[in-house]
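Containing PDB, C-alpha atoms: run16.pdb.
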ATOM      1  CA  MET A 524       7.230  -4.222   1.622  1.00  0.00           C
ATOM      2  CA  GLY A 525       8.444  -3.225  -1.790  1.00  0.00           C
ATOM      3  CA  ASP A 526      10.557  -0.325  -0.461  1.00  0.00           C
ATOM      4  CA  ARG A 527      14.200  -0.983  -1.254  1.00  0.00           C
ATOM      5  CA  ARG A 528      15.916   1.898   0.531  1.00  0.00           C
ATOM      6  CA  ILE A 529      18.556  -0.576   1.684  1.00  0.00           C
ATOM      7  CA  VAL A 530      20.538  -0.652  -1.550  1.00  0.00           C
ATOM      8  CA  GLY A 531      22.827  -3.212  -3.058  1.00  0.00           C
ATOM      9  CA  GLY A 532      22.611  -6.673  -4.505  1.00  0.00           C
ATOM     10  CA  GLY A 533      20.365  -9.344  -3.074  1.00  0.00           C
ATOM     11  CA  ILE A 534      22.730 -10.928  -0.574  1.00  0.00           C
ATOM     12  CA  ARG A 535      24.084  -7.541   0.542  1.00  0.00           C
ATOM     13  CA  ARG A 536      20.598  -6.108   0.968  1.00  0.00           C
ATOM     14  CA  LEU A 537      19.507  -9.200   2.873  1.00  0.00           C
ATOM     15  CA  GLY A 538      22.517  -8.878   5.146  1.00  0.00           C
ATOM     16  CA  ASP A 539      21.724  -5.205   5.797  1.00  0.00           C
ATOM     17  CA  LEU A 540      18.094  -5.971   6.574  1.00  0.00           C
ATOM     18  CA  LEU A 541      18.929  -8.821   8.924  1.00  0.00           C
ATOM     19  CA  SER A 542      21.694  -6.932  10.699  1.00  0.00           C
ATOM     20  CA  ARG A 543      19.295  -4.084  11.522  1.00  0.00           C
ATOM     21  CA  TRP A 544      15.921  -5.755  12.013  1.00  0.00           C
ATOM     22  CA  GLU A 545      16.466  -9.504  12.472  1.00  0.00           C
ATOM     23  CA  PRO A 546      14.098  -9.933  15.464  1.00  0.00           C
ATOM     24  CA  GLN A 547      11.250  -8.171  13.683  1.00  0.00           C
ATOM     25  CA  ILE A 548      11.852 -10.052  10.425  1.00  0.00           C
ATOM     26  CA  ARG A 549      12.015 -13.364  12.311  1.00  0.00           C
ATOM     27  CA  ALA A 550       8.681 -12.645  14.039  1.00  0.00           C
ATOM     28  CA  ASP A 551       7.024 -11.384  10.833  1.00  0.00           C
ATOM     29  CA  LEU A 552       8.076 -14.436   8.827  1.00  0.00           C
ATOM     30  CA  ALA A 553       6.759 -16.746  11.541  1.00  0.00           C
ATOM     31  CA  SER A 554       3.423 -14.974  11.969  1.00  0.00           C
ATOM     32  CA  GLU A 555       2.750 -14.111   8.326  1.00  0.00           C
ATOM     33  CA  TYR A 556       4.066 -17.213   6.534  1.00  0.00           C
ATOM     34  CA  ALA A 557       4.767 -19.755   9.298  1.00  0.00           C
ATOM     35  CA  ALA A 558       8.335 -19.660   7.969  1.00  0.00           C
ATOM     36  CA  ASP A 559      11.469 -20.106  10.063  1.00  0.00           C
ATOM     37  CA  LEU A 560      14.179 -17.564   9.328  1.00  0.00           C
ATOM     38  CA  SER A 561      16.942 -19.883  10.576  1.00  0.00           C
ATOM     39  CA  GLN A 562      15.778 -22.686   8.286  1.00  0.00           C
ATOM     40  CA  LEU A 563      15.595 -20.411   5.247  1.00  0.00           C
ATOM     41  CA  VAL A 564      19.142 -19.178   5.892  1.00  0.00           C
ATOM     42  CA  GLU A 565      20.423 -22.697   6.612  1.00  0.00           C
ATOM     43  CA  ASP A 566      18.895 -23.879   3.315  1.00  0.00           C
ATOM     44  CA  SER A 567      20.521 -20.907   1.492  1.00  0.00           C
ATOM     45  CA  ARG A 568      17.104 -19.715   0.278  1.00  0.00           C
ATOM     46  CA  TYR A 569      18.248 -16.094   0.132  1.00  0.00           C
ATOM     47  CA  ARG A 570      16.269 -14.992  -2.909  1.00  0.00           C
ATOM     48  CA  HIS A 571      13.126 -16.611  -1.509  1.00  0.00           C
ATOM     49  CA  LEU A 572      13.761 -14.916   1.839  1.00  0.00           C
ATOM     50  CA  LEU A 573      14.055 -11.501   0.175  1.00  0.00           C
ATOM     51  CA  VAL A 574      10.810 -12.079  -1.705  1.00  0.00           C
ATOM     52  CA  LEU A 575       9.045 -12.962   1.545  1.00  0.00           C
ATOM     53  CA  ILE A 576      10.450  -9.894   3.306  1.00  0.00           C
ATOM     54  CA  ASP A 577       9.557  -7.603   0.396  1.00  0.00           C
ATOM     55  CA  GLN A 578       5.992  -8.926   0.387  1.00  0.00           C
ATOM     56  CA  LEU A 579       5.327  -8.414   4.099  1.00  0.00           C
ATOM     57  CA  PRO A 580       2.257  -6.237   4.687  1.00  0.00           C
ATOM     58  CA  ALA A 581       2.442  -2.569   5.648  1.00  0.00           C
ATOM     59  CA  THR A 582       1.494  -3.547   9.204  1.00  0.00           C
ATOM     60  CA  ALA A 583       4.559  -5.780   9.622  1.00  0.00           C
ATOM     61  CA  ARG A 584       6.791  -5.360  12.678  1.00  0.00           C
ATOM     62  CA  VAL A 585       9.793  -4.725  10.468  1.00  0.00           C
ATOM     63  CA  ARG A 586       7.964  -1.869   8.708  1.00  0.00           C
ATOM     64  CA  ALA A 587       7.204  -0.249  12.075  1.00  0.00           C
ATOM     65  CA  ALA A 588      10.838  -0.694  13.127  1.00  0.00           C
ATOM     66  CA  MET A 589      12.063   0.852   9.871  1.00  0.00           C
ATOM     67  CA  LEU A 590       9.821   3.878  10.274  1.00  0.00           C
ATOM     68  CA  ASP A 591      11.076   4.313  13.840  1.00  0.00           C
ATOM     69  CA  ASP A 592      14.736   4.175  12.726  1.00  0.00           C
ATOM     70  CA  ASP A 593      16.120   7.725  12.375  1.00  0.00           C
ATOM     71  CA  ASP A 594      18.937   6.650  10.031  1.00  0.00           C
ATOM     72  CA  TYR A 595      16.582   4.772   7.735  1.00  0.00           C
ATOM     73  CA  VAL A 596      13.989   7.550   7.656  1.00  0.00           C
ATOM     74  CA  ALA A 597      16.686  10.132   6.879  1.00  0.00           C
ATOM     75  CA  GLY A 598      17.269   8.281   3.585  1.00  0.00           C
ATOM     76  CA  LEU A 599      13.602   8.418   2.533  1.00  0.00           C
ATOM     77  CA  PRO A 600      12.308  11.090   0.139  1.00  0.00           C
ATOM     78  CA  ASP A 601      11.192  14.359   1.713  1.00  0.00           C
ATOM     79  CA  PRO A 602       7.363  14.271   1.873  1.00  0.00           C
ATOM     80  CA  ALA A 603       7.268  17.913   0.717  1.00  0.00           C
ATOM     81  CA  SER A 604       9.197  17.041  -2.463  1.00  0.00           C
ATOM     82  CA  GLY A 605       6.299  15.179  -4.012  1.00  0.00           C
ATOM     83  CA  ASP A 606       8.415  12.032  -4.474  1.00  0.00           C
ATOM     84  CA  THR A 607       6.207  10.009  -2.127  1.00  0.00           C
ATOM     85  CA  PRO A 608       3.253   7.966  -3.392  1.00  0.00           C
ATOM     86  CA  SER A 609      -0.002   9.920  -3.381  1.00  0.00           C
ATOM     87  CA  ARG A 610      -2.193   6.868  -2.990  1.00  0.00           C
ATOM     88  CA  PRO A 611      -2.062   3.981  -0.532  1.00  0.00           C
ATOM     89  CA  ALA A 612      -1.345   0.464  -1.751  1.00  0.00           C
ATOM     90  CA  ILE A 613      -4.368  -1.683  -2.482  1.00  0.00           C
ATOM     91  CA  TYR A 614      -2.828  -4.537  -0.486  1.00  0.00           C
ATOM     92  CA  GLY A 615      -4.181  -4.173   3.015  1.00  0.00           C
ATOM     93  CA  TRP A 616      -6.978  -1.769   1.996  1.00  0.00           C
ATOM     94  CA  THR A 617      -9.910  -3.581   3.545  1.00  0.00           C
ATOM     95  CA  GLN A 618     -13.614  -2.903   3.698  1.00  0.00           C
ATOM     96  CA  GLU A 619     -13.046  -1.557   7.213  1.00  0.00           C
ATOM     97  CA  THR A 620     -10.356   0.821   5.929  1.00  0.00           C
ATOM     98  CA  GLU A 621     -12.712   2.059   3.216  1.00  0.00           C
ATOM     99  CA  LEU A 622     -15.499   2.594   5.746  1.00  0.00           C
ATOM    100  CA  LEU A 623     -13.164   4.537   8.051  1.00  0.00           C
ATOM    101  CA  ALA A 624     -11.956   6.686   5.146  1.00  0.00           C
ATOM    102  CA  SER A 625     -15.574   7.350   4.121  1.00  0.00           C
ATOM    103  CA  LEU A 626     -16.478   8.255   7.690  1.00  0.00           C
ATOM    104  CA  LEU A 627     -13.544  10.659   7.918  1.00  0.00           C
ATOM    105  CA  ASP A 628     -14.481  12.225   4.566  1.00  0.00           C
ATOM    106  CA  THR A 629     -18.045  12.744   5.830  1.00  0.00           C
ATOM    107  CA  MET A 630     -16.888  14.237   9.131  1.00  0.00           C
ATOM    108  CA  ARG A 631     -14.531  16.656   7.362  1.00  0.00           C
ATOM    109  CA  SER A 632     -17.310  17.704   4.982  1.00  0.00           C
ATOM    110  CA  LEU A 633     -19.694  18.300   7.887  1.00  0.00           C
ATOM    111  CA  GLN A 634     -17.020  20.342   9.637  1.00  0.00           C
ATOM    112  CA  GLN A 635     -16.732  22.523   6.527  1.00  0.00           C
ATOM    113  CA  VAL A 636     -20.531  22.958   6.423  1.00  0.00           C
ATOM    114  CA  VAL A 637     -20.524  24.173  10.044  1.00  0.00           C
ATOM    115  CA  VAL A 638     -17.652  26.584   9.364  1.00  0.00           C
ATOM    116  CA  ARG A 639     -19.507  28.057   6.374  1.00  0.00           C
ATOM    117  CA  ALA A 640     -22.794  28.230   8.304  1.00  0.00           C
ATOM    118  CA  PHE A 641     -21.075  30.570  10.751  1.00  0.00           C
ATOM    119  CA  GLY A 642     -19.624  32.765   7.999  1.00  0.00           C
ATOM    120  CA  GLY A 643     -16.248  31.098   7.649  1.00  0.00           C
ATOM    121  CA  GLN A 644     -14.412  30.567   4.396  1.00  0.00           C
ATOM    122  CA  GLY A 645     -12.518  27.676   2.954  1.00  0.00           C
ATOM    123  CA  ARG A 646     -12.661  25.099   0.257  1.00  0.00           C
ATOM    124  CA  ARG A 647     -14.199  21.679   0.373  1.00  0.00           C
ATOM    125  CA  PRO A 648     -11.742  19.221   1.976  1.00  0.00           C
ATOM    126  CA  ASP A 649      -9.997  16.732  -0.290  1.00  0.00           C
ATOM    127  CA  PRO A 650     -11.138  13.144   0.207  1.00  0.00           C
ATOM    128  CA  ILE A 651      -8.798  10.645   1.837  1.00  0.00           C
ATOM    129  CA  PRO A 652      -6.721   9.068  -0.959  1.00  0.00           C
ATOM    130  CA  ARG A 653      -7.890   5.621  -2.003  1.00  0.00           C
ATOM    131  CA  PRO A 654      -5.847   2.929  -3.757  1.00  0.00           C
ATOM    132  CA  GLU A 655      -5.831   3.146  -7.535  1.00  0.00           C
ATOM    133  CA  THR A 656      -5.893   0.063  -9.718  1.00  0.00           C
ATOM    134  CA  ALA A 657      -5.298  -0.481 -13.412  1.00  0.00           C
ATOM    135  CA  TRP A 658      -9.085  -0.790 -13.680  1.00  0.00           C
ATOM    136  CA  ASP A 659      -9.469   2.734 -12.240  1.00  0.00           C
ATOM    137  CA  ARG A 660      -6.832   4.169 -14.591  1.00  0.00           C
ATOM    138  CA  ARG A 661      -8.475   2.565 -17.598  1.00  0.00           C
ATOM    139  CA  ARG A 662     -11.918   3.751 -16.562  1.00  0.00           C
ATOM    140  CA  ASN A 663     -10.657   7.308 -16.078  1.00  0.00           C
ATOM    141  CA  ALA A 664      -8.478   7.420 -19.200  1.00  0.00           C
ATOM    142  CA  THR A 665     -11.168   8.628 -21.593  1.00  0.00           C
ATOM    143  CA  PRO A 666     -14.946   8.700 -21.624  1.00  0.00           C
ATOM    144  CA  GLN A 667     -14.899   6.312 -24.589  1.00  0.00           C
ATOM    145  CA  ALA A 668     -12.678   3.846 -22.750  1.00  0.00           C
ATOM    146  CA  SER A 669     -15.141   3.946 -19.855  1.00  0.00           C
ATOM    147  CA  GLN A 670     -18.059   3.276 -22.168  1.00  0.00           C
ATOM    148  CA  ASP A 671     -16.164   0.467 -23.913  1.00  0.00           C
ATOM    149  CA  LEU A 672     -15.514  -1.125 -20.531  1.00  0.00           C
ATOM    150  CA  VAL A 673     -19.176  -0.893 -19.546  1.00  0.00           C
ATOM    151  CA  ASP A 674     -20.226  -2.272 -22.941  1.00  0.00           C
ATOM    152  CA  MET A 675     -17.821  -5.206 -22.582  1.00  0.00           C
ATOM    153  CA  PHE A 676     -19.579  -6.360 -19.404  1.00  0.00           C
ATOM    154  CA  THR A 677     -23.142  -5.525 -20.393  1.00  0.00           C
ATOM    155  CA  ARG A 678     -23.132  -6.800 -23.973  1.00  0.00           C
ATOM    156  CA  GLU A 679     -25.938  -9.258 -24.687  1.00  0.00           C
ATOM    157  CA  THR A 680     -24.963 -12.647 -26.061  1.00  0.00           C
ATOM    158  CA  GLY A 681     -27.847 -12.885 -28.504  1.00  0.00           C
ATOM    159  CA  ASP A 682     -30.091 -15.043 -26.343  1.00  0.00           C
ATOM    160  CA  GLY A 683     -31.235 -12.076 -24.227  1.00  0.00           C
ATOM    161  CA  VAL A 684     -28.737 -12.826 -21.474  1.00  0.00           C
ATOM    162  CA  PRO A 685     -25.948 -10.334 -20.768  1.00  0.00           C
TER
END
As structure tokens:
Amino acid sequence: MGDRRIVGGGIRRLGDLLSRWEPQIRADLASEYAADLSQLVEDSRYRHLLVLIDQLPATARVRAAMLDDDDYVAGLPDPASGDTPSRPAIYGWTQETELLASLLDTMRSLQQVVVRAFGGQGRRPDPIPRPETAWDRRRNATPQASQDLVDMFTRETGDGVP
């Protein structure tokens, strides 16, 4: 989950999370990791439990519950402030997600073509944001860095084999 809007030290944060969303966390731990919340608490595995909770996917029940909690959402950054991430996380970005984003990009572009064909104005729609990796940042850093990266993977070994 990575979002630590519940502030405080580990045990305090864990207590806050469990006091607000224990049923969802219990179900997520069982379905995602086959882990038993009661056993983790009984074994005093608090740090491990926080790691598991923090690493739950974006589709986790607890994430949905958090986003439906008015008090929690009130503490999040204002989307208009620009403090929110501009790109989705790569974790959970599947081939199906990419295909849906590509389909939506195509549909929005076609919509713009139709608007212009009938005399309308407007700019080309921005594509749906995609996850960005360190590989992407390195490739886009400079043209030379991009060429160096390509050369690294296409360099011949001397026997005619790349």
Result set of the PyMOL selection byres ((chain A and resi 616) around 12) on the coordinates above, as a PDB file with C-alpha atoms, in the coordinates of the input:
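This is the output file selection04.pdb:
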ATOM      1  CA  PRO A 580       2.257  -6.237   4.687  1.00  0.00           C
ATOM      2  CA  ALA A 581       2.442  -2.569   5.648  1.00  0.00           C
ATOM      3  CA  THR A 582       1.494  -3.547   9.204  1.00  0.00           C
ATOM      4  CA  ARG A 610      -2.193   6.868  -2.990  1.00  0.00           C
ATOM      5  CA  PRO A 611      -2.062   3.981  -0.532  1.00  0.00           C
ATOM      6  CA  ALA A 612      -1.345   0.464  -1.751  1.00  0.00           C
ATOM      7  CA  ILE A 613      -4.368  -1.683  -2.482  1.00  0.00           C
ATOM      8  CA  TYR A 614      -2.828  -4.537  -0.486  1.00  0.00           C
ATOM      9  CA  GLY A 615      -4.181  -4.173   3.015  1.00  0.00           C
ATOM     10  CA  THR A 617      -9.910  -3.581   3.545  1.00  0.00           C
ATOM     11  CA  GLN A 618     -13.614  -2.903   3.698  1.00  0.00           C
ATOM     12  CA  GLU A 619     -13.046  -1.557   7.213  1.00  0.00           C
ATOM     13  CA  THR A 620     -10.356   0.821   5.929  1.00  0.00           C
ATOM     14  CA  GLU A 621     -12.712   2.059   3.216  1.00  0.00           C
ATOM     15  CA  LEU A 622     -15.499   2.594   5.746  1.00  0.00           C
ATOM     16  CA  LEU A 623     -13.164   4.537   8.051  1.00  0.00           C
ATOM     17  CA  ALA A 624     -11.956   6.686   5.146  1.00  0.00           C
ATOM     18  CA  PRO A 652      -6.721   9.068  -0.959  1.00  0.00           C
ATOM     19  CA  ARG A 653      -7.890   5.621  -2.003  1.00  0.00           C
ATOM     20  CA  PRO A 654      -5.847   2.929  -3.757  1.00  0.00           C
ATOM     21  CA  GLU A 655      -5.831   3.146  -7.535  1.00  0.00           C
ATOM     22  CA  THR A 656      -5.893   0.063  -9.718  1.00  0.00           C
TER      23      THR A 656
END
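Atom CA of Tyr556 of chain A is found 28.3 Å from atom CA of Asp593 of chain A.
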Could you spell out the hits of the PyMOL selection byres ((chain A and resi 559-571) around 10) on the shown file, as a ChimeraX atom specification? /A:533-534,537-538,541,545-546,548-554,556-558,572-577
Please report, as AutoDock Vina command-line options, the centre and edge lengths in Å to one decimal of an axis-aligned box covering all listed atoms of segment 588-604 of chain A with 8 Å per side.
--center_x 13.1 --center_y 8.6 --center_z 5.7 --size_x 27.7 --size_y 34.6 --size_z 32.3
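Interatomic distance, atom CA of Gln578 of chain A against atom CA of Arg662 of chain A: 27.7 Å.
Distances from A:Gly643, A:Met675, A:Trp544, A:Leu633 to Ala587 of chain A were compared using all atoms listed in the file, and the smallest one belongs to A:Trp544.
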How many Å lie between atom CA of Gly598 of chain A and atom CA of Arg584 of chain A, rounded to one decimal? 19.5 Å
From the block you just saw, export segment 598-680 of chain A: C-alpha atoms, as a PDB file, in the first residue's frame.
ATOM      1  CA  GLY A 598      -6.126  13.974   5.308  1.00  0.00           C
ATOM      2  CA  LEU A 599      -4.948  13.176   1.766  1.00  0.00           C
ATOM      3  CA  PRO A 600      -3.372  15.838  -0.464  1.00  0.00           C
ATOM      4  CA  ASP A 601      -5.767  17.923  -2.543  1.00  0.00           C
ATOM      5  CA  PRO A 602      -5.670  16.512  -6.106  1.00  0.00           C
ATOM      6  CA  ALA A 603      -5.629  20.079  -7.479  1.00  0.00           C
ATOM      7  CA  SER A 604      -2.452  20.886  -5.517  1.00  0.00           C
ATOM      8  CA  GLY A 605      -0.259  18.705  -7.685  1.00  0.00           C
ATOM      9  CA  ASP A 606       0.982  16.737  -4.655  1.00  0.00           C
ATOM     10  CA  THR A 607      -0.536  13.493  -5.939  1.00  0.00           C
ATOM     11  CA  PRO A 608       1.442  11.048  -8.085  1.00  0.00           C
ATOM     12  CA  SER A 609       1.049  11.699 -11.804  1.00  0.00           C
ATOM     13  CA  ARG A 610       1.699   8.118 -12.816  1.00  0.00           C
ATOM     14  CA  PRO A 611       0.193   4.855 -11.604  1.00  0.00           C
ATOM     15  CA  ALA A 612       2.345   2.309  -9.800  1.00  0.00           C
ATOM     16  CA  ILE A 613       3.849  -0.410 -11.951  1.00  0.00           C
ATOM     17  CA  TYR A 614       2.690  -3.035  -9.447  1.00  0.00           C
ATOM     18  CA  GLY A 615      -0.678  -4.198 -10.680  1.00  0.00           C
ATOM     19  CA  TRP A 616      -0.247  -2.686 -14.169  1.00  0.00           C
ATOM     20  CA  THR A 617      -1.023  -5.749 -16.242  1.00  0.00           C
ATOM     21  CA  GLN A 618      -1.151  -6.430 -19.946  1.00  0.00           C
ATOM     22  CA  GLU A 619      -4.933  -6.074 -19.703  1.00  0.00           C
ATOM     23  CA  THR A 620      -4.562  -2.665 -18.038  1.00  0.00           C
ATOM     24  CA  GLU A 621      -2.198  -1.547 -20.796  1.00  0.00           C
ATOM     25  CA  LEU A 622      -4.607  -2.751 -23.479  1.00  0.00           C
ATOM     26  CA  LEU A 623      -7.513  -0.911 -21.834  1.00  0.00           C
ATOM     27  CA  ALA A 624      -5.441   2.275 -21.557  1.00  0.00           C
ATOM     28  CA  SER A 625      -4.446   1.958 -25.231  1.00  0.00           C
ATOM     29  CA  LEU A 626      -8.065   1.410 -26.221  1.00  0.00           C
ATOM     30  CA  LEU A 627      -9.159   4.477 -24.263  1.00  0.00           C
ATOM     31  CA  ASP A 628      -6.364   6.554 -25.828  1.00  0.00           C
ATOM     32  CA  THR A 629      -7.515   5.447 -29.296  1.00  0.00           C
ATOM     33  CA  MET A 630     -11.170   6.197 -28.559  1.00  0.00           C
ATOM     34  CA  ARG A 631     -10.329   9.673 -27.242  1.00  0.00           C
ATOM     35  CA  SER A 632      -8.202  10.381 -30.318  1.00  0.00           C
ATOM     36  CA  LEU A 633     -11.010   9.256 -32.627  1.00  0.00           C
ATOM     37  CA  GLN A 634     -13.436  11.463 -30.721  1.00  0.00           C
ATOM     38  CA  GLN A 635     -11.124  14.430 -31.330  1.00  0.00           C
ATOM     39  CA  VAL A 636     -10.931  13.574 -35.053  1.00  0.00           C
ATOM     40  CA  VAL A 637     -14.742  13.593 -35.289  1.00  0.00           C
ATOM     41  CA  VAL A 638     -14.968  16.916 -33.435  1.00  0.00           C
ATOM     42  CA  ARG A 639     -12.438  18.494 -35.814  1.00  0.00           C
ATOM     43  CA  ALA A 640     -14.139  16.975 -38.874  1.00  0.00           C
ATOM     44  CA  PHE A 641     -17.260  18.922 -37.935  1.00  0.00           C
ATOM     45  CA  GLY A 642     -15.363  22.185 -37.439  1.00  0.00           C
ATOM     46  CA  GLY A 643     -14.737  21.931 -33.718  1.00  0.00           C
ATOM     47  CA  GLN A 644     -11.584  23.033 -31.962  1.00  0.00           C
ATOM     48  CA  GLY A 645      -9.471  21.509 -29.272  1.00  0.00           C
ATOM     49  CA  ARG A 646      -6.134  19.952 -28.662  1.00  0.00           C
ATOM     50  CA  ARG A 647      -5.152  16.342 -28.948  1.00  0.00           C
ATOM     51  CA  PRO A 648      -6.104  14.495 -25.734  1.00  0.00           C
ATOM     52  CA  ASP A 649      -3.314  13.524 -23.358  1.00  0.00           C
ATOM     53  CA  PRO A 650      -2.670   9.786 -23.196  1.00  0.00           C
ATOM     54  CA  ILE A 651      -3.629   7.854 -20.078  1.00  0.00           C
ATOM     55  CA  PRO A 652      -0.620   7.967 -17.721  1.00  0.00           C
ATOM     56  CA  ARG A 653       1.456   4.800 -17.705  1.00  0.00           C
ATOM     57  CA  PRO A 654       3.800   3.596 -14.957  1.00  0.00           C
ATOM     58  CA  GLU A 655       7.340   4.911 -15.189  1.00  0.00           C
ATOM     59  CA  THR A 656      10.331   2.778 -14.308  1.00  0.00           C
ATOM     60  CA  ALA A 657      13.981   3.582 -13.735  1.00  0.00           C
ATOM     61  CA  TRP A 658      14.548   2.113 -17.204  1.00  0.00           C
ATOM     62  CA  ASP A 659      12.163   4.711 -18.688  1.00  0.00           C
ATOM     63  CA  ARG A 660      13.832   7.574 -16.802  1.00  0.00           C
ATOM     64  CA  ARG A 661      17.268   6.476 -17.944  1.00  0.00           C
ATOM     65  CA  ARG A 662      16.133   6.075 -21.534  1.00  0.00           C
ATOM     66  CA  ASN A 663      14.554   9.537 -21.526  1.00  0.00           C
ATOM     67  CA  ALA A 664      17.373  11.291 -19.659  1.00  0.00           C
ATOM     68  CA  THR A 665      19.459  12.176 -22.707  1.00  0.00           C
ATOM     69  CA  PRO A 666      19.688  10.981 -26.285  1.00  0.00           C
ATOM     70  CA  GLN A 667      23.215   9.737 -25.572  1.00  0.00           C
ATOM     71  CA  ALA A 668      22.053   7.733 -22.566  1.00  0.00           C
ATOM     72  CA  SER A 669      19.406   6.141 -24.782  1.00  0.00           C
ATOM     73  CA  GLN A 670      21.980   5.245 -27.406  1.00  0.00           C
ATOM     74  CA  ASP A 671      24.357   3.884 -24.757  1.00  0.00           C
ATOM     75  CA  LEU A 672      21.559   1.679 -23.452  1.00  0.00           C
ATOM     76  CA  VAL A 673      20.765   0.366 -26.928  1.00  0.00           C
ATOM     77  CA  ASP A 674      24.471  -0.217 -27.606  1.00  0.00           C
ATOM     78  CA  MET A 675      24.848  -2.140 -24.338  1.00  0.00           C
ATOM     79  CA  PHE A 676      22.257  -4.701 -25.454  1.00  0.00           C
ATOM     80  CA  THR A 677      23.163  -4.858 -29.132  1.00  0.00           C
ATOM     81  CA  ARG A 678      26.953  -4.938 -28.857  1.00  0.00           C
ATOM     82  CA  GLU A 679      28.519  -7.867 -30.699  1.00  0.00           C
ATOM     83  CA  THR A 680      30.766 -10.165 -28.701  1.00  0.00           C
TER      84      THR A 680
END
